[in-house]
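Everything on this sheet refers to the single structure shown next.
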Amino acid sequence: MKHARVLFNGSELAVTVEENGQLKSKADGQLINEADVQWLCPVENPGTIFALGLNYADHARELAFEPPKEPLVFLKGTNTLTGHKQNAYRPDNIEFQHYECELVAVIGKEGKNISREDAMDYVAGYTVCNDFAIRDYLENYYRPNLRVKSRDSLLPIGPYVIDKEDVGDISDLRVTTHVNGELTQDGTTKDIIFDVPFLVEYLSKIMTLKPGDMIATGTPEGLKDMQPGDKVVCEIEKIGALETYIVSEQEFYGDKY
């Protein structure tokens, strides 16, 4: 089943996505057309957002880095989250901002010191995120600091969370990004260095995992600078396609600019 959250007639609703594409309210079964909603982050109560750097072998080669010996993990705030078909902005006075299409594992129950063998029992489902990066500020040993990864709106996610049972094996899923219709990123999850069971075990040794926590598993090779006016579509086979529109910082913030 596909689970989403939308804004409809001024109210936030939890919905399922039916096979015909219609949205169905979990509260009362009302059917809603997609054209009448604004998509929100599909996780109702987002918790800790774990993100992985250099977790695809081909991406590490692309950037001329050695693949990491252990996970390169950083945390992101919920201020970065935005939904499907929403705006994300390009900051002023930068040289290079790029997308990162990523498979996200959503934690469904609390756990500490989880074994690899039991790890998938703690995963509720999967979604897609676009973990935009501002490469101007990325330090040369790949430390993704605040200016690189923690800006408002620069973690679009969705459109929905799909139950893990409906996805099945995630070891070789195609991962693509299109910018204005042009294919600019084309990889596969088989190039992931540290897989989801490993990451659940690894992270749960450090801290308690809780429902709503998310693990963004990194991105394959293929970079392109983003500009205002660009439409970016990140898609993962069997998971979904996430659409984002790039605007200027002034347009995004309006009177708060």
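Here, A, B, ... name the chains of the structure tokens in the order displayed, residue numbers run from 1 inside each chain, and ligands are numbered from 1 in the same displayed order.
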
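Look at Met1 (chain A): the protein and nucleic acid residues within 9 Å of it, using only C-alpha atoms and passing over chain neighbours fewer than 6 places away, are Thr16, Val17, Glu18, Val161, Ile162, Asp163, Lys164, Glu165 and Asp166 of chain A.
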
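Residue nearest Leu155 (chain A) within the list A:Pro71, A:Gly77, A:Pro220, A:Gly111: A:Gly77 [criterion: smallest interatomic distance, only C-alpha atoms].
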
Which is closer to Asp225 (chain A) than all the others in A:Tyr99, A:Tyr89, A:Tyr56, A:Tyr245, using only C-alpha atoms?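 That would be A:Tyr99, the residue with the smallest distance to Asp225 (chain A).
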
Close residues, Ile170 (chain A) itself excluded, 12 Å, only C-alpha atoms, min 6 positions apart in chain, as a VMD selection string: chain A and resid 103 to 105 120 125 to 127 164 188 to 192 195 to 197 217 236 to 239

Name the residues of region 9-228 of chain A that come out as strand (DSSP E or B) in a backbone DSSP run; write them as number ranges by chain. A: 11-17, 23-25, 31-32, 38-39, 49-53, 56, 72-76, 81-82, 86-90, 97-98, 101-107, 111, 123-130, 133-134, 155-163, 174-179, 182-188, 192, 209, 214-216

Would you return as a PyMOL selection string the members of region 17-246 of chain A that DSSP assigns to helix (DSSP H, G or I) on this structure's backbone? chain A and resi 34-36+57-62+78-80+116-122+135-137+146-149+164-167+189-191+196-206
